[in-house]
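K.L.:
My structure is in coords.txt, and what it holds is compact mmCIF, C-alpha atoms and all ligand atoms:
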```
# COMPACT_ATOMS: atom_id res chain seq x y z
CA MET T 7 -33.19 132.09 -80.16
CA LYS T 8 -29.97 130.06 -80.51
CA LEU T 9 -29.89 127.40 -83.20
CA SER T 10 -26.29 126.43 -82.63
CA LEU T 11 -26.95 122.85 -81.61
CA LEU T 12 -28.34 121.84 -84.99
CA SER T 13 -26.14 121.63 -88.07
CA ASN T 14 -27.14 123.71 -91.11
CA LYS T 15 -28.15 120.55 -92.90
CA ALA T 16 -30.32 119.36 -90.03
CA GLN T 17 -31.89 122.79 -89.79
CA SER T 18 -32.83 122.96 -93.45
CA ALA T 19 -34.20 119.39 -93.37
CA ARG T 20 -36.36 120.35 -90.42
CA ALA T 21 -37.44 123.64 -91.93
CA GLU T 22 -39.38 121.75 -94.60
CA ASN T 23 -42.63 121.76 -92.62
CA PRO T 24 -44.28 123.75 -89.81
CA LEU T 25 -43.52 121.13 -87.17
CA GLY T 26 -39.86 121.17 -88.20
CA ARG T 27 -39.76 124.95 -88.09
CA LEU T 28 -41.26 124.98 -84.61
CA THR T 29 -38.68 122.39 -83.55
CA VAL T 30 -35.89 124.63 -84.86
CA LEU T 31 -37.30 127.71 -83.11
CA LEU T 32 -37.48 125.86 -79.80
CA ASN T 33 -34.40 123.71 -80.28
CA ASP T 34 -32.58 124.61 -77.05
CA ASP T 35 -35.71 124.16 -74.95
CA LEU T 36 -36.45 120.83 -76.61
CA LEU T 37 -32.93 119.56 -75.94
CA ALA T 38 -33.43 120.37 -72.26
CA VAL T 39 -36.75 118.50 -72.30
CA ASN T 40 -35.28 115.45 -74.03
CA ALA T 41 -32.48 115.35 -71.45
CA LEU T 42 -35.06 115.45 -68.64
CA ILE T 43 -37.11 112.72 -70.28
CA LEU T 44 -34.07 110.46 -70.47
CA GLN T 45 -33.11 111.21 -66.88
CA ARG T 46 -36.59 110.66 -65.46
CA MET T 47 -37.37 107.41 -67.26
CA GLN T 48 -34.52 105.78 -65.32
CA SER T 49 -35.16 103.14 -62.70
CA ASP T 50 -33.18 100.39 -60.98
CA VAL T 51 -35.72 97.97 -62.37
CA LYS T 52 -33.95 97.31 -65.64
CA MET T 53 -36.95 96.50 -67.77
CA ILE T 54 -38.38 100.00 -67.17
CA PRO T 55 -35.64 102.05 -68.90
CA GLU T 56 -35.30 99.27 -71.49
CA LEU T 57 -38.93 99.34 -72.50
CA ALA T 58 -39.49 103.08 -72.04
CA GLY T 59 -36.21 103.78 -73.82
CA HIS T 60 -37.31 101.65 -76.77
CA LEU T 61 -40.37 103.87 -77.26
CA ILE T 62 -38.75 107.18 -76.40
CA ALA T 63 -35.56 106.70 -78.42
CA ALA T 64 -37.68 105.77 -81.44
CA GLY T 65 -38.47 109.48 -81.58
CA GLY T 66 -41.97 110.64 -82.15
CA LYS T 67 -42.85 114.14 -83.19
CA ARG T 68 -42.76 115.63 -79.66
CA ILE T 69 -45.65 117.81 -80.71
CA ARG T 70 -47.25 118.01 -77.26
CA PRO T 71 -44.12 119.10 -75.35
CA LEU T 72 -43.44 121.57 -78.16
CA LEU T 73 -46.87 123.07 -77.49
CA THR T 74 -46.01 123.68 -73.84
CA LEU T 75 -42.65 125.21 -74.80
CA ALA T 76 -44.20 127.34 -77.55
CA SER T 77 -47.00 128.54 -75.34
CA ALA T 78 -44.60 129.67 -72.59
CA ALA T 79 -42.23 131.30 -75.11
CA LEU T 80 -45.08 133.02 -76.91
CA PHE T 81 -45.66 135.13 -73.82
CA GLY T 82 -41.98 135.85 -73.27
CA TYR T 83 -41.63 133.59 -70.23
CA ALA T 84 -37.94 133.55 -69.29
CA GLY T 85 -37.78 130.81 -66.63
CA THR T 86 -37.33 127.04 -66.92
CA ARG T 87 -40.52 125.58 -65.39
CA GLN T 88 -41.84 124.74 -68.85
CA HIS T 89 -39.08 122.13 -69.34
CA LYS T 90 -40.29 119.85 -66.56
CA LEU T 91 -43.89 120.36 -67.58
CA ALA T 92 -43.18 119.58 -71.22
CA ALA T 93 -41.40 116.38 -70.12
CA CYS T 94 -44.41 115.61 -67.97
CA VAL T 95 -46.76 116.06 -70.93
CA GLU T 96 -44.62 113.73 -73.08
CA PHE T 97 -44.63 111.13 -70.27
CA ILE T 98 -48.42 111.23 -70.16
CA HIS T 99 -48.47 110.83 -73.94
CA ALA T 100 -45.92 107.97 -73.88
CA ALA T 101 -47.93 106.18 -71.18
CA THR T 102 -51.11 106.45 -73.22
CA LEU T 103 -49.30 105.14 -76.31
CA LEU T 104 -48.06 102.09 -74.39
CA HIS T 105 -51.56 101.38 -73.14
CA ASP T 106 -53.23 102.26 -76.46
CA ASP T 107 -51.09 99.81 -78.42
CA VAL T 108 -52.08 97.02 -76.04
CA VAL T 109 -55.76 97.91 -76.34
CA ASP T 110 -55.54 98.27 -80.13
CA ALA T 111 -53.29 95.20 -80.54
CA SER T 112 -50.94 97.37 -82.62
CA ASP T 113 -47.59 95.87 -83.47
CA GLN T 114 -45.83 98.93 -84.83
CA ARG T 115 -45.14 102.32 -83.28
CA ARG T 116 -42.74 105.07 -84.33
CA GLY T 117 -41.37 102.89 -87.11
CA LYS T 118 -40.39 100.07 -84.77
CA ALA T 119 -42.01 97.04 -83.20
CA SER T 120 -44.42 98.29 -80.53
CA ALA T 121 -43.46 97.73 -76.89
CA ASN T 122 -46.29 95.23 -76.45
CA ALA T 123 -45.11 93.27 -79.48
CA LEU T 124 -41.56 93.21 -78.19
CA PHE T 125 -41.93 92.95 -74.40
CA GLY T 126 -45.50 91.65 -74.03
CA ASN T 127 -48.76 93.26 -72.92
CA GLU T 128 -48.08 92.95 -69.19
CA ALA T 129 -44.77 94.81 -69.32
CA ALA T 130 -46.17 97.51 -71.63
CA VAL T 131 -49.12 98.19 -69.32
CA LEU T 132 -46.99 98.31 -66.20
CA VAL T 133 -44.29 100.55 -67.66
CA GLY T 134 -47.12 102.78 -68.90
CA ASP T 135 -48.25 103.03 -65.28
CA PHE T 136 -44.70 103.90 -64.26
CA LEU T 137 -44.52 106.74 -66.81
CA PHE T 138 -47.90 108.07 -65.68
CA SER T 139 -46.66 108.08 -62.10
CA ARG T 140 -43.43 109.82 -63.11
CA SER T 141 -45.49 112.51 -64.78
CA PHE T 142 -47.24 113.18 -61.47
CA GLN T 143 -43.90 113.40 -59.67
CA LEU T 144 -42.83 116.05 -62.16
CA MET T 145 -46.05 118.02 -61.57
CA ILE T 146 -45.49 117.89 -57.82
CA GLU T 147 -41.91 119.13 -58.25
CA ASP T 148 -43.29 122.09 -60.19
CA GLY T 149 -45.45 122.83 -57.19
CA SER T 150 -48.33 124.68 -58.85
CA LEU T 151 -51.80 123.48 -57.91
CA ASP T 152 -53.16 125.06 -61.10
CA VAL T 153 -50.80 122.99 -63.21
CA LEU T 154 -51.60 119.89 -61.17
CA ARG T 155 -55.31 120.49 -61.70
CA ILE T 156 -54.97 120.95 -65.47
CA LEU T 157 -52.72 117.96 -66.13
CA SER T 158 -54.37 115.55 -63.69
CA ASN T 159 -57.71 116.46 -65.23
CA ALA T 160 -56.29 115.74 -68.69
CA SER T 161 -55.02 112.31 -67.55
CA ALA T 162 -58.44 111.34 -66.23
CA VAL T 163 -60.20 112.60 -69.35
CA ILE T 164 -57.84 110.68 -71.68
CA ALA T 165 -58.63 107.47 -69.83
CA GLU T 166 -62.34 108.26 -70.09
CA GLY T 167 -61.94 108.77 -73.84
CA GLU T 168 -60.21 105.45 -74.32
CA VAL T 169 -62.91 103.68 -72.27
CA MET T 170 -65.70 105.47 -74.19
CA GLN T 171 -64.06 104.28 -77.38
CA LEU T 172 -64.34 100.70 -76.17
CA SER T 173 -68.10 101.04 -76.13
CA THR T 174 -68.37 102.62 -79.59
CA ALA T 175 -66.00 100.06 -81.19
CA ASN T 176 -67.84 97.52 -83.34
CA ASP T 177 -71.03 99.57 -83.10
CA THR T 178 -71.85 100.72 -86.62
CA ALA T 179 -74.66 102.90 -85.25
CA THR T 180 -72.08 105.18 -83.59
CA THR T 181 -72.84 108.85 -84.29
CA GLU T 182 -70.49 111.67 -85.22
CA GLU T 183 -71.33 113.27 -81.90
CA GLN T 184 -70.15 110.20 -80.00
CA TYR T 185 -67.00 110.07 -82.13
CA LYS T 186 -66.24 113.73 -81.40
CA ARG T 187 -66.70 113.16 -77.69
CA VAL T 188 -64.19 110.29 -77.86
CA ILE T 189 -61.51 112.21 -79.76
CA ARG T 190 -61.87 115.35 -77.67
CA SER T 191 -61.20 113.22 -74.63
CA LYS T 192 -58.60 110.73 -75.77
CA THR T 193 -56.51 113.16 -77.83
CA ALA T 194 -57.50 116.83 -77.81
CA GLU T 195 -57.64 117.23 -74.04
CA LEU T 196 -53.88 116.65 -73.71
CA PHE T 197 -53.14 119.08 -76.56
CA ALA T 198 -55.32 121.65 -74.76
CA ALA T 199 -53.66 121.04 -71.40
CA ALA T 200 -50.17 121.18 -72.94
CA CYS T 201 -50.93 124.62 -74.38
CA GLU T 202 -52.71 125.89 -71.29
CA VAL T 203 -49.92 125.08 -68.82
CA GLY T 204 -47.45 127.03 -70.96
CA ALA T 205 -49.61 130.13 -70.57
CA VAL T 206 -50.15 129.39 -66.86
CA VAL T 207 -46.42 129.26 -66.06
CA ALA T 208 -46.03 132.52 -67.98
CA GLY T 209 -48.56 133.99 -65.52
CA ARG T 210 -51.03 135.10 -68.21
CA SER T 211 -54.63 136.22 -67.80
CA ALA T 212 -57.50 133.76 -67.63
CA ALA T 213 -58.60 134.86 -71.13
CA GLU T 214 -55.17 134.15 -72.60
CA CYS T 215 -54.89 130.77 -70.83
CA GLN T 216 -58.33 129.91 -72.21
CA ALA T 217 -57.33 131.03 -75.72
CA MET T 218 -54.31 128.70 -75.63
CA ARG T 219 -56.56 125.91 -74.36
CA ASP T 220 -59.01 126.50 -77.22
CA TYR T 221 -56.17 126.51 -79.71
CA GLY T 222 -54.88 123.18 -78.34
CA MET T 223 -58.32 121.61 -78.23
CA ASN T 224 -59.00 122.46 -81.87
CA LEU T 225 -55.52 121.36 -82.90
CA GLY T 226 -56.01 118.02 -81.14
CA ILE T 227 -59.38 117.39 -82.79
CA ALA T 228 -57.98 118.21 -86.24
CA PHE T 229 -54.92 116.06 -85.51
CA GLN T 230 -56.98 113.01 -84.54
CA ILE T 231 -59.34 113.30 -87.52
CA SER T 232 -56.28 113.40 -89.75
CA ASP T 233 -54.86 110.37 -87.88
CA ASP T 234 -58.09 108.50 -88.53
CA VAL T 235 -57.86 109.29 -92.26
CA LEU T 236 -54.19 108.25 -92.33
CA ASP T 237 -55.10 104.89 -90.80
CA TYR T 238 -56.73 104.06 -94.15
CA VAL T 239 -54.65 105.85 -96.73
CA ALA T 240 -51.20 106.78 -95.41
CA THR T 241 -48.48 106.15 -97.93
CA GLY T 242 -44.82 105.59 -97.24
CA LYS T 243 -42.95 104.43 -94.17
CA ARG T 244 -42.98 107.78 -92.43
CA LEU T 245 -46.19 107.13 -90.46
CA GLY T 246 -44.35 104.44 -88.50
CA LYS T 247 -47.57 102.57 -87.69
CA SER T 248 -49.36 99.72 -89.45
CA LEU T 249 -52.09 100.74 -91.84
CA GLY T 250 -55.57 99.41 -91.16
CA ASP T 251 -55.39 98.93 -87.39
CA ASP T 252 -58.65 100.84 -86.92
CA PHE T 253 -60.42 98.68 -89.51
CA LYS T 254 -59.03 95.48 -88.02
CA GLU T 255 -60.32 96.43 -84.56
CA GLY T 256 -63.68 97.76 -85.78
CA LYS T 257 -62.97 101.35 -84.65
CA MET T 258 -65.74 103.77 -85.53
CA THR T 259 -63.82 106.72 -86.94
CA LEU T 260 -65.14 109.71 -88.89
CA PRO T 261 -64.49 108.41 -92.44
CA VAL T 262 -66.29 105.16 -91.64
CA ILE T 263 -69.20 106.85 -89.88
CA ARG T 264 -69.70 109.06 -92.93
CA ALA T 265 -69.35 106.17 -95.39
CA ILE T 266 -71.96 104.19 -93.47
CA ALA T 267 -74.31 107.18 -93.58
CA LYS T 268 -74.05 107.09 -97.39
CA ALA T 269 -73.93 103.31 -97.80
CA THR T 270 -76.18 101.21 -100.05
CA PRO T 271 -77.83 98.23 -98.30
CA ALA T 272 -75.10 95.90 -99.62
CA GLU T 273 -72.41 98.27 -98.36
CA LYS T 274 -74.10 98.44 -94.94
CA LYS T 275 -73.90 94.65 -94.78
CA PHE T 276 -70.20 94.87 -95.66
CA TRP T 277 -69.46 97.36 -92.85
CA ASN T 278 -71.47 95.33 -90.34
CA ARG T 279 -69.67 92.12 -91.23
CA CYS T 280 -66.23 93.72 -91.10
CA LEU T 281 -66.58 96.15 -88.19
CA SER T 282 -69.26 94.62 -85.96
CA ASP T 283 -68.67 90.91 -86.51
CA LEU T 284 -64.94 91.40 -87.24
CA ASP T 285 -65.41 88.79 -89.96
CA GLN T 286 -62.71 90.03 -92.35
CA SER T 287 -60.53 88.60 -95.07
CA ASP T 288 -57.41 90.19 -96.57
CA LYS T 289 -59.19 91.85 -99.46
CA ASP T 290 -61.79 93.56 -97.26
CA PHE T 291 -59.47 96.39 -96.23
CA LYS T 292 -58.95 97.27 -99.90
CA GLU T 293 -62.70 97.22 -100.40
CA ALA T 294 -63.16 99.49 -97.39
CA VAL T 295 -60.67 102.02 -98.79
CA ALA T 296 -62.46 101.88 -102.16
CA LEU T 297 -65.79 102.64 -100.46
CA LEU T 298 -64.27 105.57 -98.57
CA HIS T 299 -63.06 106.95 -101.91
CA LYS T 300 -66.36 106.21 -103.63
CA HIS T 301 -68.28 108.35 -101.13
CA ASP T 302 -65.53 110.95 -100.93
CA VAL T 303 -65.53 110.77 -97.14
CA LEU T 304 -61.76 111.00 -96.72
CA LYS T 305 -61.85 114.45 -98.24
CA ASP T 306 -65.01 115.29 -96.24
CA SER T 307 -63.28 114.23 -93.04
CA LEU T 308 -60.23 116.37 -93.77
CA ASP T 309 -62.57 119.29 -94.56
CA GLU T 310 -64.06 118.79 -91.11
CA ALA T 311 -60.53 118.80 -89.64
CA ARG T 312 -59.86 122.05 -91.53
CA ARG T 313 -62.89 123.65 -89.88
CA TYR T 314 -61.43 122.90 -86.46
CA ALA T 315 -58.07 124.18 -87.64
CA GLY T 316 -59.70 127.47 -88.61
CA GLN T 317 -61.32 127.78 -85.19
CA GLY T 318 -57.99 127.11 -83.51
CA ILE T 319 -56.26 129.80 -85.55
CA ARG T 320 -59.01 132.26 -84.61
CA ALA T 321 -58.49 131.45 -80.93
CA LEU T 322 -54.90 132.68 -81.25
CA SER T 323 -56.03 136.15 -82.30
CA VAL T 324 -56.02 137.36 -78.67
CA VAL T 325 -52.35 136.53 -78.12
CA PRO T 326 -49.51 138.83 -79.24
CA ASP T 327 -48.44 138.43 -82.87
CA SER T 328 -44.92 136.97 -83.25
CA PRO T 329 -43.00 134.45 -85.38
CA LEU T 330 -43.97 131.81 -82.83
CA ARG T 331 -47.65 132.59 -83.14
CA GLN T 332 -47.32 132.29 -86.90
CA SER T 333 -45.59 128.98 -86.39
CA LEU T 334 -48.50 127.76 -84.26
CA GLU T 335 -50.92 128.89 -86.97
CA GLU T 336 -48.95 126.90 -89.54
CA LEU T 337 -48.90 123.90 -87.21
CA MET T 338 -52.67 123.74 -87.66
CA VAL T 339 -52.13 123.18 -91.35
CA PHE T 340 -49.57 120.48 -90.59
CA ALA T 341 -52.02 118.73 -88.24
CA VAL T 342 -54.48 118.30 -91.10
CA GLU T 343 -52.27 117.86 -94.15
CA ARG T 344 -49.51 115.74 -92.57
CA ASP T 345 -48.48 112.31 -93.79
CA TYR T 346 -46.89 111.19 -90.49
C1 LIG T 401 -50.25 109.39 -81.77
O1 LIG T 401 -49.77 110.68 -81.54
C2 LIG T 401 -51.53 109.22 -81.04
C3 LIG T 401 -52.62 110.05 -81.58
C4 LIG T 401 -53.24 110.91 -80.85
C5 LIG T 401 -53.03 109.89 -82.94
P1 LIG T 401 -48.53 111.27 -82.32
O2 LIG T 401 -48.77 111.13 -83.80
O3 LIG T 401 -48.24 112.62 -81.81
O4 LIG T 401 -47.38 110.26 -81.92
P2 LIG T 401 -45.80 110.45 -81.86
O5 LIG T 401 -45.50 110.96 -80.48
O6 LIG T 401 -45.40 111.41 -82.93
O7 LIG T 401 -45.25 109.07 -82.08
C1 LIG T 402 -54.72 107.62 -79.97
O1 LIG T 402 -55.71 107.02 -80.69
C2 LIG T 402 -55.22 108.16 -78.65
C3 LIG T 402 -54.34 107.90 -77.53
C4 LIG T 402 -53.13 107.41 -77.62
C5 LIG T 402 -54.87 108.17 -76.20
P1 LIG T 402 -55.31 106.03 -81.86
O2 LIG T 402 -55.46 104.62 -81.42
O3 LIG T 402 -55.99 106.43 -83.13
O4 LIG T 402 -53.76 106.34 -82.05
P2 LIG T 402 -52.76 105.51 -82.93
O5 LIG T 402 -53.30 105.50 -84.33
O6 LIG T 402 -52.69 104.17 -82.31
O7 LIG T 402 -51.49 106.31 -82.82
MG MG T 403 -54.10 103.10 -81.42
MG MG T 404 -54.96 106.02 -85.14
```
Could the structure of this file be written out as structure tokens, please?
Ligand code: IPE
Ligand code: IPE
Ligand code: MG
Ligand code: MG
P.N.:
Amino acid sequence: MKLSLLSNKAQSARAENPLGRLTVLLNDDLLAVNALILQRMQSDVKMIPELAGHLIAAGGKRIRPLLTLASAALFGYAGTRQHKLAACVEFIHAATLLHDDVVDASDQRRGKASANALFGNEAAVLVGDFLFSRSFQLMIEDGSLDVLRILSNASAVIAEGEVMQLSTANDTATTEEQYKRVIRSKTAELFAAACEVGAVVAGRSAAECQAMRDYGMNLGIAFQISDDVLDYVATGKRLGKSLGDDFKEGKMTLPVIRAIAKATPAEKKFWNRCLSDLDQSDKDFKEAVALLHKHDVLKDSLDEARRYAGQGIRALSVVPDSPLRQSLEELMVFAVERDY
């Protein structure tokens, strides 16, 4: 695969982690996808490219479109359908981020002010709707009913996940099972769909399409558990999001669910006050982090993420071995151990 469009320096900087290596391997494809994203976010209504451009130009890891590209390339697919579909997947993701930051009242995204903070909730929601609709136009242009089924299903399931999360927020009796249902829906489903459509455009067997789906599903679960750990303990600017948003909103994430299961009566009162009543002062977040450390639940949560990562790697065993497959295996490690 040609690497000519990246300088040596940029290549070695990117080669420092599995996501970077995958980006280098798929560099030409990704450039085509980024060009399509820029082209398709355009509109005569000026605020649309302004707001969408603010989010999209801020970068992001592009992990989901990379999954579609990797999955198609893994099976030796030589056409270009995966470019539109990868752009479509990133549009679905971008739309959910715009909506998610409104719902979570988050003021930072991708190292910049979030779109809602900068343009207001109304504009962020409506441009999110625009990007969702664009993603459907891209699916229709592709013309495959299978692809349309997979990605439209993912869109509906993501929305279900975000709504389910509304009903578990502030409920300290939330179970791990409920949490898993939420993260499968709001996050892992799109990872699964992104992988599956790559195999579908490559015309692979049902078993191989399912294997890619399983890989993506497990990757997405591991990725979200890691995200939920990072929301408490990320260090450095690289995360690009504010620390403590989940705590501030009373989100019931895995570390918290496990800490509550091990809590003393006084600690239970603390969690109820902070997460259910949202009665918090500045020092409470520090106290929460201390309790997560005390009960070792951050490490427990990452161990749980590692179990999913292992399952995802096993799912790949039915696809042909190649440098790309190895890269996807390594990406599992990145999903868990990442700091951004
Ligand atoms: C953020 O996803 C939303 C989650 C599912 C945690 P990413 O961490 O992939 O966001 P970007 O695209 O890199 O900004
Ligand atoms: C992300 O969940 C899920 C979707 C965007 C659908 P989070 O709320 O944990 O993601 P961040 O932390 O805001 O990126
Ligand atoms: Mg959020
Ligand atoms: Mg989060």
K.L.:
Show me, as a PyMOL selection string, the residues that have an atom within 9 Å of region 148-153 of chain T when counting only C-alpha atoms, minus same-chain residues fewer than 4 positions from it.
P.N.:
chain T and resi 87+90-91+143-144+157-158+199+202-203+206-207
K.L.:
Rounded to one decimal in Å, what is the spacing between CA of Gly167 (chain T) and atom O1 of ligand LIG 402 (chain T)?
P.N.:
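Rounded to one decimal, the two atoms are 9.4 Å apart.
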K.L.:
Point out the residue among T:Ser323, T:Thr193, T:Gln184, T:Ser248 with the least atom-to-atom distance to Ile231 (chain T), counting all atoms listed in the file.
P.N.:
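The answer is T:Thr193, which sits nearest to Ile231 (chain T).
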K.L.:
Please determine, counting only C-alpha atoms and all ligand atoms, which residue among T:Leu80, T:Met47, T:Ala240, T:Ala269 has the shortest atom-to-atom distance to ligand MG 404 (chain T).
P.N.:
T:Ala240
K.L.:
Hey, could you pull the box centre and edge lengths for region 71-76 of chain T, axis-aligned, 5 Å padding per side, all listed atoms, to one decimal in Å, as JSON?
P.N.:
```
{"center_x": -44.8, "center_y": 123.2, "center_z": -76.0, "size_x": 14.2, "size_y": 18.2, "size_z": 14.3}
```
K.L.:
Need the neighbours of (-39.5, 106.8, -68.9): which residues are at most 10 Å away, counting only C-alpha atoms, as a VMD selection string?
P.N.:
chain T and resid 42 to 49 54 to 62 93 96 to 97 100 to 101 133 to 134 136 to 141
K.L.:
May I ask you to write as a list in words all residues lying at most 8 Å from ligand LIG 402 (chain T), with only C-alpha atoms and all ligand atoms counted?
P.N.:
His99, Thr102, Leu103, His105, Asp106, Asp107, Asp110, Ser112, Arg115, Ile164, Ala165, Gly167, Glu168, Ile189, Lys192, Thr193, Gln230, Asp233, Asp234, Asp237, Lys247, Asp251 and Asp252 of chain T
K.L.:
What does the distance between CA of Cys201 (chain T) and CA of Phe81 (chain T) come to in Å, to one decimal place?
P.N.:
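Answer for the CA of Cys201 (chain T) to CA of Phe81 (chain T) separation: 11.8 Å.
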K.L.:
In Å, how far is it from atom O5 of ligand LIG 401 (chain T) to CA of His299 (chain T)?
P.N.:
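Result for atom O5 of ligand LIG 401 (chain T) versus CA of His299 (chain T): 28.0 Å, one decimal.
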K.L.:
Taking all atoms listed in the file into account, name the residue in T:Met258, T:Val39, T:Ala84, T:Met218 that is nearest to ligand MG 404 (chain T).
P.N.:
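Nearest candidate to ligand MG 404 (chain T) out of T:Met258, T:Val39, T:Ala84, T:Met218: T:Met258.
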